[in-house]
$ cat upload-v9.cif   # mmCIF, C-alpha atoms
data_target
#
loop_
_atom_site.label_atom_id
_atom_site.label_comp_id
_atom_site.auth_asym_id
_atom_site.auth_seq_id
_atom_site.Cartn_x
_atom_site.Cartn_y
_atom_site.Cartn_z
CA MET A 18 -42.59 -54.48 98.38
CA PRO A 19 -45.29 -53.54 100.90
CA GLY A 20 -48.64 -55.20 100.36
CA PHE A 21 -52.24 -54.04 100.87
CA SER A 22 -52.13 -54.68 104.63
CA GLU A 23 -49.01 -52.51 105.06
CA ILE A 24 -50.56 -49.70 102.97
CA LYS A 25 -53.77 -49.88 105.02
CA LYS A 26 -51.79 -49.77 108.26
CA ALA A 27 -49.74 -46.77 107.04
CA PHE A 28 -52.95 -44.95 106.06
CA LEU A 29 -54.48 -45.52 109.51
CA VAL A 30 -51.27 -44.36 111.20
CA SER A 31 -51.25 -41.16 109.11
CA LEU A 32 -54.90 -40.49 110.06
CA TRP A 33 -54.07 -40.95 113.72
CA PHE A 34 -51.11 -38.53 113.51
CA ILE A 35 -53.27 -35.98 111.70
CA PHE A 36 -55.81 -36.22 114.54
CA LEU A 37 -53.11 -35.81 117.22
CA THR A 38 -51.33 -32.87 115.59
CA PHE A 39 -54.39 -31.06 114.21
CA PRO A 40 -54.66 -28.46 117.05
CA LEU A 41 -50.94 -27.68 116.88
CA MET A 42 -50.09 -27.90 113.19
CA VAL A 43 -53.32 -26.81 111.49
CA ILE A 44 -55.19 -24.40 113.77
CA ARG A 45 -53.59 -21.00 114.28
CA ILE A 46 -55.15 -18.46 116.66
CA ASN A 47 -54.38 -14.74 116.55
CA PRO A 48 -55.48 -13.39 119.97
CA TYR A 49 -54.89 -9.76 119.02
CA GLU A 50 -57.28 -9.76 116.05
CA ASN A 51 -59.53 -12.59 117.34
CA LEU A 52 -58.91 -14.57 114.17
CA VAL A 53 -58.66 -18.33 113.66
CA SER A 54 -56.88 -19.53 110.53
CA TYR A 55 -56.44 -23.07 109.22
CA ARG A 56 -53.16 -24.17 107.66
CA TRP A 57 -54.42 -27.04 105.51
CA ALA A 58 -51.05 -27.47 103.81
CA ASN A 59 -49.59 -28.62 107.14
CA LEU A 60 -52.34 -31.26 107.42
CA PHE A 61 -51.38 -32.83 104.09
CA LEU A 62 -47.70 -32.50 104.94
CA VAL A 63 -48.10 -34.37 108.24
CA GLY A 64 -50.32 -37.03 106.67
CA GLY A 65 -48.01 -37.62 103.71
CA ALA A 66 -44.83 -37.69 105.80
CA THR A 67 -46.36 -40.08 108.32
CA PHE A 68 -47.69 -42.37 105.57
CA PHE A 69 -44.28 -42.49 103.89
CA LEU A 70 -42.38 -43.08 107.16
CA SER A 71 -44.78 -45.85 108.18
CA LEU A 72 -44.24 -47.64 104.86
CA LEU A 73 -40.50 -47.12 105.21
CA SER A 74 -40.60 -48.61 108.71
CA ASP A 75 -42.46 -51.72 107.53
CA PHE A 76 -40.01 -52.15 104.64
CA TYR A 77 -37.06 -51.74 107.03
CA GLN A 78 -38.43 -54.31 109.48
CA LEU A 79 -39.00 -56.79 106.64
CA LYS A 80 -35.46 -56.36 105.34
CA LYS A 81 -34.10 -56.63 108.88
CA LYS A 82 -35.80 -60.01 109.37
CA GLU A 83 -34.50 -61.28 106.03
CA THR A 84 -30.97 -60.13 106.87
CA ALA A 85 -31.13 -61.74 110.31
CA LEU A 86 -32.20 -65.08 108.79
CA ASN A 87 -29.42 -64.92 106.20
CA ASN A 88 -26.73 -64.06 108.74
CA ILE A 89 -27.52 -66.69 111.37
CA ALA A 90 -24.85 -69.02 110.05
CA ARG A 91 -22.35 -66.31 109.08
CA PRO A 92 -22.35 -63.35 111.51
CA ARG A 93 -20.85 -60.07 110.33
CA PRO A 94 -17.38 -59.19 111.64
CA LYS A 95 -17.25 -56.31 114.13
CA PHE A 96 -15.62 -53.04 113.14
CA HIS A 97 -12.50 -52.20 115.11
CA LEU A 98 -10.55 -48.98 114.68
CA HIS A 99 -6.91 -49.65 113.83
CA SER A 100 -4.58 -48.88 116.72
CA ARG A 101 -2.43 -46.50 114.66
CA PHE A 102 -5.44 -44.19 114.14
CA LYS A 103 -6.46 -44.04 117.80
CA ARG A 104 -3.72 -41.73 119.05
CA PRO A 105 -4.00 -39.14 116.23
CA LEU A 106 -7.79 -39.05 116.61
CA ALA A 107 -7.50 -38.70 120.40
CA ALA A 108 -4.94 -35.90 119.97
CA LEU A 109 -7.18 -34.10 117.46
CA GLY A 110 -10.17 -34.41 119.77
CA GLY A 111 -8.17 -33.08 122.72
CA LEU A 112 -6.95 -30.13 120.64
CA LEU A 113 -10.52 -29.26 119.60
CA ILE A 114 -11.70 -29.44 123.21
CA ILE A 115 -8.91 -27.10 124.38
CA LEU A 116 -9.34 -24.56 121.57
CA PHE A 117 -13.16 -24.52 121.59
CA PRO A 118 -13.71 -21.73 124.18
CA PHE A 119 -11.12 -19.46 122.52
CA PHE A 120 -12.71 -19.54 119.05
CA PHE A 121 -16.39 -19.43 119.99
CA SER A 122 -18.53 -16.93 121.90
CA SER A 123 -19.39 -17.16 125.58
CA TYR A 124 -22.91 -18.17 124.57
CA GLN A 125 -21.57 -21.23 122.71
CA VAL A 126 -19.29 -22.11 125.63
CA ASN A 127 -22.24 -21.88 128.03
CA ILE A 128 -24.30 -24.23 125.86
CA MET A 129 -21.45 -26.74 125.70
CA THR A 130 -20.98 -26.55 129.48
CA THR A 131 -24.69 -27.30 129.96
CA ALA A 132 -24.37 -30.25 127.57
CA LEU A 133 -21.42 -31.59 129.57
CA ILE A 134 -23.47 -31.33 132.78
CA TYR A 135 -26.11 -33.52 131.13
CA VAL A 136 -23.40 -35.92 129.96
CA VAL A 137 -22.34 -36.49 133.57
CA LEU A 138 -25.98 -36.73 134.72
CA GLY A 139 -26.66 -39.28 131.98
CA LEU A 140 -23.63 -41.34 133.00
CA GLY A 141 -24.80 -41.24 136.62
CA LEU A 142 -28.31 -42.38 135.74
CA ASN A 143 -26.78 -44.99 133.44
CA ILE A 144 -25.47 -46.73 136.56
CA VAL A 145 -28.99 -47.02 138.00
CA VAL A 146 -30.99 -47.68 134.82
CA GLY A 147 -28.49 -48.99 132.28
CA LEU A 148 -26.41 -51.27 134.49
CA ALA A 149 -28.61 -52.16 137.47
CA GLY A 150 -31.91 -52.05 135.54
CA LEU A 151 -33.70 -49.91 138.15
CA LEU A 152 -36.10 -47.47 136.46
CA ASP A 153 -35.61 -44.17 138.32
CA LEU A 154 -37.97 -41.33 137.30
CA GLY A 155 -37.04 -39.10 140.23
CA TYR A 156 -33.37 -38.62 139.44
CA VAL A 157 -33.79 -34.85 139.34
CA ALA A 158 -34.37 -34.89 143.12
CA PHE A 159 -30.69 -35.69 143.76
CA TYR A 160 -29.75 -32.95 141.28
CA ALA A 161 -31.85 -30.51 143.33
CA VAL A 162 -30.29 -31.71 146.61
CA GLY A 163 -26.81 -30.89 145.31
CA ALA A 164 -27.83 -27.48 143.98
CA TYR A 165 -29.64 -26.40 147.15
CA SER A 166 -26.87 -27.76 149.39
CA TYR A 167 -24.42 -25.31 147.77
CA ALA A 168 -26.87 -22.41 147.67
CA LEU A 169 -27.99 -22.76 151.30
CA LEU A 170 -24.58 -23.53 152.80
CA ASN A 171 -23.12 -20.55 150.99
CA TYR A 172 -26.00 -18.28 152.02
CA HIS A 173 -25.97 -19.23 155.72
CA PHE A 174 -22.31 -20.12 156.36
CA GLY A 175 -20.39 -18.59 153.45
CA LEU A 176 -18.94 -21.92 152.29
CA GLY A 177 -17.30 -21.92 148.85
CA PHE A 178 -17.71 -24.16 145.82
CA TRP A 179 -14.81 -26.53 146.50
CA THR A 180 -15.85 -26.99 150.13
CA VAL A 181 -19.47 -27.82 149.27
CA LEU A 182 -18.71 -30.05 146.25
CA PRO A 183 -17.95 -33.18 148.34
CA VAL A 184 -20.80 -32.25 150.69
CA GLY A 185 -23.24 -32.15 147.75
CA ALA A 186 -21.94 -35.52 146.53
CA GLY A 187 -22.33 -37.01 150.03
CA LEU A 188 -25.84 -35.62 150.50
CA GLY A 189 -26.80 -36.99 147.08
CA ALA A 190 -25.52 -40.45 148.07
CA LEU A 191 -27.38 -40.22 151.40
CA PHE A 192 -30.66 -39.36 149.70
CA GLY A 193 -30.02 -42.16 147.20
CA ILE A 194 -29.78 -44.64 150.08
CA LEU A 195 -32.89 -43.15 151.73
CA LEU A 196 -34.79 -43.67 148.48
CA GLY A 197 -33.29 -47.13 147.95
CA PHE A 198 -34.39 -48.66 151.26
CA PRO A 199 -38.19 -48.33 150.76
CA VAL A 200 -38.07 -49.58 147.16
CA LEU A 201 -35.89 -52.67 147.63
CA ARG A 202 -38.81 -55.00 146.91
CA LEU A 203 -40.20 -53.00 143.98
CA ARG A 204 -39.50 -53.54 140.29
CA GLY A 205 -40.65 -52.20 136.95
CA ASP A 206 -43.66 -49.88 136.91
CA TYR A 207 -44.04 -49.80 140.71
CA LEU A 208 -40.43 -48.68 141.15
CA ALA A 209 -40.92 -45.97 138.50
CA ILE A 210 -44.05 -44.64 140.26
CA VAL A 211 -42.36 -44.48 143.67
CA THR A 212 -39.24 -42.74 142.36
CA LEU A 213 -41.42 -40.30 140.41
CA GLY A 214 -43.30 -39.51 143.62
CA PHE A 215 -40.01 -39.00 145.48
CA GLY A 216 -38.85 -36.46 142.90
CA GLU A 217 -42.13 -34.55 143.14
CA ILE A 218 -42.02 -34.58 146.97
CA ILE A 219 -38.57 -32.97 146.94
CA ARG A 220 -39.70 -30.32 144.44
CA LEU A 221 -42.85 -29.50 146.41
CA ILE A 222 -40.88 -29.21 149.66
CA LEU A 223 -38.48 -26.78 148.02
CA GLU A 224 -41.37 -24.81 146.56
CA ASN A 225 -43.49 -24.52 149.71
CA TRP A 226 -41.03 -24.48 152.63
CA ASN A 227 -40.21 -20.78 152.35
CA GLU A 228 -38.25 -20.55 155.62
CA PHE A 229 -35.86 -23.25 154.42
CA SER A 230 -35.53 -22.92 150.64
CA PHE A 231 -36.93 -19.37 150.02
CA GLY A 232 -39.83 -20.88 148.05
CA PRO A 233 -40.54 -20.15 144.38
CA GLY A 234 -38.40 -17.01 144.50
CA GLY A 235 -35.28 -19.15 144.69
CA ILE A 236 -31.78 -18.16 145.74
CA ALA A 237 -29.67 -15.67 143.79
CA ASP A 238 -26.06 -14.40 143.87
CA ILE A 239 -24.54 -17.86 144.23
CA PRO A 240 -20.74 -17.54 143.80
CA ARG A 241 -19.07 -19.08 140.78
CA PRO A 242 -16.20 -21.56 141.25
CA SER A 243 -13.00 -19.86 142.38
CA PHE A 244 -9.39 -20.51 141.41
CA PHE A 245 -7.17 -19.95 144.47
CA GLY A 246 -9.16 -16.82 145.32
CA LEU A 247 -8.41 -15.02 142.05
CA GLN A 248 -10.97 -12.52 140.76
CA MET A 249 -12.19 -13.46 137.26
CA SER A 250 -14.32 -11.63 134.74
CA LEU A 251 -17.53 -13.20 133.45
CA THR A 252 -15.87 -14.40 130.22
CA VAL A 253 -12.87 -15.91 132.00
CA SER A 254 -15.15 -17.52 134.60
CA THR A 255 -17.26 -19.07 131.81
CA ILE A 256 -14.14 -20.60 130.23
CA TYR A 257 -12.95 -21.80 133.65
CA VAL A 258 -16.29 -23.54 134.34
CA TYR A 259 -16.10 -25.14 130.87
CA PHE A 260 -12.69 -26.67 131.61
CA LEU A 261 -13.92 -27.79 135.03
CA MET A 262 -16.76 -29.66 133.32
CA ILE A 263 -14.30 -31.22 130.86
CA ALA A 264 -12.31 -32.52 133.84
CA PHE A 265 -15.48 -33.78 135.58
CA THR A 266 -16.58 -35.54 132.38
CA PHE A 267 -13.27 -37.35 131.91
CA PHE A 268 -13.22 -38.30 135.60
CA THR A 269 -16.79 -39.63 135.39
CA VAL A 270 -16.07 -41.65 132.24
CA PHE A 271 -12.99 -43.18 133.92
CA VAL A 272 -14.85 -44.09 137.12
CA VAL A 273 -17.97 -45.46 135.37
CA ASN A 274 -15.82 -47.51 132.99
CA ARG A 275 -13.92 -49.00 135.92
CA LEU A 276 -17.18 -49.69 137.75
CA GLN A 277 -18.61 -51.51 134.71
CA ASN A 278 -15.70 -53.93 134.65
CA SER A 279 -15.52 -54.37 138.42
CA ARG A 280 -17.15 -56.96 140.64
CA ILE A 281 -19.97 -54.62 141.63
CA GLY A 282 -20.53 -53.74 137.96
CA ARG A 283 -20.99 -57.40 137.05
CA ALA A 284 -23.33 -57.75 140.02
CA TRP A 285 -25.44 -54.83 138.67
CA VAL A 286 -25.68 -56.48 135.26
CA ALA A 287 -26.65 -59.79 136.85
CA LEU A 288 -29.33 -58.00 138.88
CA ARG A 289 -30.65 -56.36 135.72
CA GLU A 290 -30.82 -59.62 133.75
CA ASP A 291 -32.39 -61.91 136.38
CA GLU A 292 -32.90 -60.89 140.00
CA ILE A 293 -33.75 -64.40 141.21
CA ALA A 294 -30.73 -65.99 139.55
CA CYS A 295 -28.61 -63.15 140.92
CA GLN A 296 -29.66 -64.02 144.48
CA ALA A 297 -29.16 -67.73 143.81
CA MET A 298 -25.53 -67.01 142.87
CA GLY A 299 -24.96 -65.49 146.31
CA ILE A 300 -25.07 -61.80 145.38
CA ASP A 301 -26.47 -59.53 148.10
CA LYS A 302 -29.43 -57.90 146.36
CA THR A 303 -29.93 -55.24 149.05
CA ARG A 304 -26.36 -54.01 149.01
CA THR A 305 -26.18 -54.12 145.21
CA LYS A 306 -29.32 -51.99 144.75
CA LEU A 307 -28.34 -49.49 147.43
CA THR A 308 -24.87 -49.12 145.92
CA ALA A 309 -26.39 -48.38 142.51
CA PHE A 310 -28.77 -45.77 143.93
CA ALA A 311 -26.04 -44.16 146.06
CA LEU A 312 -23.42 -43.96 143.31
CA GLY A 313 -25.90 -42.69 140.72
CA ALA A 314 -27.13 -40.02 143.13
CA THR A 315 -23.54 -39.00 143.96
CA TRP A 316 -22.96 -37.73 140.43
CA ALA A 317 -26.32 -35.96 140.43
CA GLY A 318 -25.40 -34.20 143.70
CA MET A 319 -22.07 -33.02 142.30
CA MET A 320 -23.67 -31.76 139.11
CA GLY A 321 -26.29 -29.96 141.19
CA VAL A 322 -23.49 -28.02 142.91
CA MET A 323 -21.95 -27.28 139.51
CA PHE A 324 -25.30 -26.17 138.08
CA ALA A 325 -25.88 -23.75 140.98
CA ALA A 326 -22.36 -22.33 140.57
CA LYS A 327 -22.75 -21.96 136.80
CA THR A 328 -26.16 -20.24 136.78
CA THR A 329 -25.67 -18.33 140.09
CA PHE A 330 -29.45 -18.66 140.62
CA ILE A 331 -31.71 -21.62 141.36
CA ASN A 332 -35.38 -22.14 142.12
CA PRO A 333 -37.67 -25.20 142.22
CA ALA A 334 -38.78 -24.63 138.62
CA SER A 335 -35.33 -25.83 137.49
CA PHE A 336 -35.95 -29.33 138.89
CA THR A 337 -39.20 -30.54 137.37
CA PHE A 338 -40.07 -34.01 136.11
CA LEU A 339 -39.13 -32.90 132.58
CA GLU A 340 -35.47 -32.83 133.65
CA SER A 341 -35.68 -36.46 134.79
CA ALA A 342 -37.39 -37.37 131.51
CA ILE A 343 -34.63 -35.70 129.46
CA ILE A 344 -31.86 -37.47 131.41
CA LEU A 345 -33.65 -40.80 131.06
CA SER A 346 -34.11 -40.12 127.32
CA ILE A 347 -30.35 -39.56 127.05
CA VAL A 348 -29.69 -42.99 128.56
CA VAL A 349 -32.29 -44.75 126.38
CA LEU A 350 -31.32 -42.93 123.18
CA GLY A 351 -27.61 -43.52 123.68
CA GLY A 352 -27.94 -47.17 124.64
CA MET A 353 -28.46 -48.61 128.11
CA GLY A 354 -25.08 -49.38 129.65
CA SER A 355 -23.11 -47.61 126.90
CA ILE A 356 -20.75 -44.77 127.91
CA ALA A 357 -20.09 -43.54 124.36
CA GLY A 358 -23.80 -43.70 123.55
CA VAL A 359 -24.76 -41.57 126.55
CA ILE A 360 -22.18 -38.92 125.62
CA ILE A 361 -23.39 -38.71 122.00
CA ALA A 362 -27.08 -38.70 123.01
CA ALA A 363 -26.55 -35.92 125.59
CA LEU A 364 -24.80 -33.73 123.02
CA ILE A 365 -27.60 -34.37 120.50
CA LEU A 366 -30.52 -33.74 122.87
CA ILE A 367 -29.03 -30.63 124.50
CA LEU A 368 -27.19 -28.94 121.62
CA LEU A 369 -29.64 -29.46 118.75
CA PRO A 370 -32.61 -27.61 120.39
CA GLU A 371 -30.33 -24.60 120.93
CA TYR A 372 -29.12 -24.52 117.34
CA PHE A 373 -32.58 -25.12 115.85
CA ARG A 374 -34.49 -22.41 117.65
CA ALA A 375 -36.40 -21.72 114.43
CA PHE A 376 -38.39 -24.86 115.28
CA ALA A 377 -38.96 -23.83 118.92
CA ASP A 378 -42.75 -24.12 118.58
CA TYR A 379 -42.41 -27.73 117.46
CA ARG A 380 -39.54 -28.71 119.76
CA MET A 381 -41.42 -31.30 121.81
CA LEU A 382 -43.14 -32.66 118.69
CA LEU A 383 -39.76 -33.20 117.01
CA PHE A 384 -38.35 -34.64 120.22
CA GLY A 385 -41.19 -37.17 120.45
CA ALA A 386 -40.90 -38.05 116.76
CA THR A 387 -37.16 -38.64 117.17
CA MET A 388 -37.72 -41.01 120.09
CA VAL A 389 -40.43 -42.91 118.18
CA LEU A 390 -38.14 -43.31 115.17
CA MET A 391 -35.32 -44.53 117.41
CA MET A 392 -37.60 -47.11 119.02
CA ILE A 393 -38.63 -48.35 115.56
CA PHE A 394 -35.30 -48.39 113.73
CA ARG A 395 -32.78 -48.81 116.56
CA PRO A 396 -34.46 -49.79 119.83
CA GLN A 397 -31.16 -50.72 121.47
CA GLY A 398 -29.87 -47.13 121.16
CA ILE A 399 -27.19 -45.35 119.15
CA PHE A 400 -24.31 -47.32 120.65
CA PRO A 401 -25.81 -50.32 122.45
CA GLY A 402 -23.90 -51.69 125.41
CA HIS A 403 -22.09 -54.88 124.43
CA ARG A 404 -22.07 -58.04 126.44
CA GLN A 405 -18.72 -59.26 127.67
CA ILE A 406 -18.09 -62.95 127.08
CA TYR A 407 -15.66 -64.80 129.32
CA ARG A 408 -14.03 -68.00 128.07
CA PHE A 409 -11.96 -70.43 130.11
CA SER A 410 -8.78 -71.80 128.58
CA PRO A 411 -6.70 -74.42 130.44
CA GLU A 412 -3.50 -72.74 129.23
CA ARG A 413 -4.40 -69.06 129.75
CA GLY A 414 -7.18 -69.22 132.32
CA VAL A 415 -10.17 -66.87 132.04
CA GLU A 416 -10.15 -64.56 128.99
CA LYS A 417 -12.57 -61.84 127.87
#
$ encode --input "upload-v9.cif" --output "structure tokens"
Amino acid sequence: MPGFSEIKKAFLVSLWFIFLTFPLMVIRINPYENLVSYRWANLFLVGGATFFLSLLSDFYQLKKKETALNNIARPRPKFHLHSRFKRPLAALGGLLIILFPFFFSSYQVNIMTTALIYVVLGLGLNIVVGLAGLLDLGYVAFYAVGAYSYALLNYHFGLGFWTVLPVGAGLGALFGILLGFPVLRLRGDYLAIVTLGFGEIIRLILENWNEFSFGPGGIADIPRPSFFGLQMSLTVSTIYVYFLMIAFTFFTVFVVNRLQNSRIGRAWVALREDEIACQAMGIDKTRTKLTAFALGATWAGMMGVMFAAKTTFINPASFTFLESAIILSIVVLGGMGSIAGVIIAALILILLPEYFRAFADYRMLLFGATMVLMMIFRPQGIFPGHRQIYRFSPERGVEK
């Protein structure tokens, strides 16, 4: 049971939250009638909810410590899905994916396509942040490079989606290397500040260099992806883009999974855990960091091309720091280094705001509260990345 100190702490926390949310939750201004009203019920609601959640958090942390002490000698067995259930579940999931666009409206299909774009972006950033441990706050810059590469090459030279897709991926990788070289010696907060500045530089260039990027007005009438030159209606094109994103998602999951278990993937994890020990083991730190930046930026470049083709219009306002923050939140919420966690987190963070538009005024407040609760109750993420343990057996050699 919580004692006096926990109750006092919860009371202070509730007062602090009341102070922070007072202008948003309590004060209501009507500009048409020049009236200011006070919603005092919301004040007590915020204070009571925060007080209760703070006590619940303290109780949870206490129980967690007791459980950890009791289970030191007898760890809990891990849950493994029986092999006979894997194929039916995979078949059911595949059937739902295929039938989804035929039973839901184009609006729902568009939302799901956007969520899949963020899944791929999250998996790309997961290489840089989750595996290599390099905090990149300017990831949206590579996203913008891919989008503008398609828009500008199509506008000036008439190049199509499939022609520009590898070009966007290559330009993303090139910009990833250009960003990686100056920050090879930086870590932690300094790396975050430099990458944040890089993302803002790209956005400001796109916004102010009118002769090159058409400025804030953006570029419109970008062609959608084609299928052997066939003319498609808007509904059919929406379904086609959805299936393209399904294919991109499966391809990305396959590649990232193979990279995790490869030699370069183990080098990224070693770099994340201890950079000095990584160098002492003979791993080339320069090449390892540049590879992480380049591969992460490659997926962002491809998704930039896909985003431009899906929306048929882009401008610099689509590539603000908030986009980088959302993608980073997907990686942190899902679990750094976890593929399944990133997929679940992307679907949660992108789909839920669309389906809960009734709370649109409090969207960022709910988003922040969700992240705080995750950091308290599950700081490692929804599906934390597991460590692989290698054992040497004289009879069988090295085993996972």
$ resolve_selection --input "upload-v9.cif" --expression "the PyMOL selection byres ((chain A and resi 364) around 12)" --output "ChimeraX atom specification"
/A:128-137,139,343-344,347-348,350-351,357-363,365-372
$ closest_residue --input "upload-v9.cif" --among "A:Pro240, A:Gly354, A:Pro199, A:Gly235" --to "A:Asn274" --atoms "only C-alpha atoms"
A:Gly354
$ residues_around --input "upload-v9.cif" --residues "A:Thr67" --least-positions-apart "3" --cutoff "8 Å" --atoms "only C-alpha atoms" --output "PDB file with C-alpha atoms, keeping the file's coordinate frame"
ATOM      1  CA  ALA A  27     -49.740 -46.770 107.040  1.00  0.00           C
ATOM      2  CA  VAL A  30     -51.270 -44.360 111.200  1.00  0.00           C
ATOM      3  CA  SER A  31     -51.250 -41.160 109.110  1.00  0.00           C
ATOM      4  CA  PHE A  34     -51.110 -38.530 113.510  1.00  0.00           C
ATOM      5  CA  VAL A  63     -48.100 -34.370 108.240  1.00  0.00           C
ATOM      6  CA  GLY A  64     -50.320 -37.030 106.670  1.00  0.00           C
ATOM      7  CA  LEU A  70     -42.380 -43.080 107.160  1.00  0.00           C
ATOM      8  CA  SER A  71     -44.780 -45.850 108.180  1.00  0.00           C
TER       9      SER A  71
END
$ closest_residue --input "upload-v9.cif" --among "A:Ile144, A:Ile239, A:Ala161, A:Val253" --to "A:Gly175" --atoms "all atoms listed in the file"
A:Ile239
$ atom_distance --input "upload-v9.cif" --atom1 "atom CA of A:Ile300" --atom2 "atom CA of A:Ser341"
29.4 Å
$ decode --input "upload-v9.cif" --residues "stretch 349-371 of chain A" --atoms "C-alpha atoms" --output "PDB file, in the first residue's frame"
ATOM      1  CA  VAL A 349      10.731   4.129 -29.200  1.00  0.00           C
ATOM      2  CA  LEU A 350       7.132   3.057 -28.551  1.00  0.00           C
ATOM      3  CA  GLY A 351       7.497  -0.186 -30.470  1.00  0.00           C
ATOM      4  CA  GLY A 352      10.839  -1.136 -28.958  1.00  0.00           C
ATOM      5  CA  MET A 353      14.296  -0.213 -30.226  1.00  0.00           C
ATOM      6  CA  GLY A 354      15.527  -2.920 -32.567  1.00  0.00           C
ATOM      7  CA  SER A 355      12.163  -4.727 -32.704  1.00  0.00           C
ATOM      8  CA  ILE A 356      10.522  -5.223 -36.125  1.00  0.00           C
ATOM      9  CA  ALA A 357       7.152  -6.385 -34.773  1.00  0.00           C
ATOM     10  CA  GLY A 358       7.118  -3.549 -32.240  1.00  0.00           C
ATOM     11  CA  VAL A 359       7.709  -0.889 -34.897  1.00  0.00           C
ATOM     12  CA  ILE A 360       4.862  -2.267 -37.033  1.00  0.00           C
ATOM     13  CA  ILE A 361       2.396  -2.296 -34.117  1.00  0.00           C
ATOM     14  CA  ALA A 362       3.474   1.173 -32.910  1.00  0.00           C
ATOM     15  CA  ALA A 363       3.133   2.695 -36.400  1.00  0.00           C
ATOM     16  CA  LEU A 364      -0.384   1.315 -36.774  1.00  0.00           C
ATOM     17  CA  ILE A 365      -1.320   2.637 -33.312  1.00  0.00           C
ATOM     18  CA  LEU A 366       0.138   6.136 -33.730  1.00  0.00           C
ATOM     19  CA  ILE A 367      -1.182   6.686 -37.265  1.00  0.00           C
ATOM     20  CA  LEU A 368      -4.560   4.929 -37.208  1.00  0.00           C
ATOM     21  CA  LEU A 369      -5.861   5.887 -33.755  1.00  0.00           C
ATOM     22  CA  PRO A 370      -5.773   9.706 -34.324  1.00  0.00           C
ATOM     23  CA  GLU A 371      -7.844   9.204 -37.483  1.00  0.00           C
TER      24      GLU A 371
END
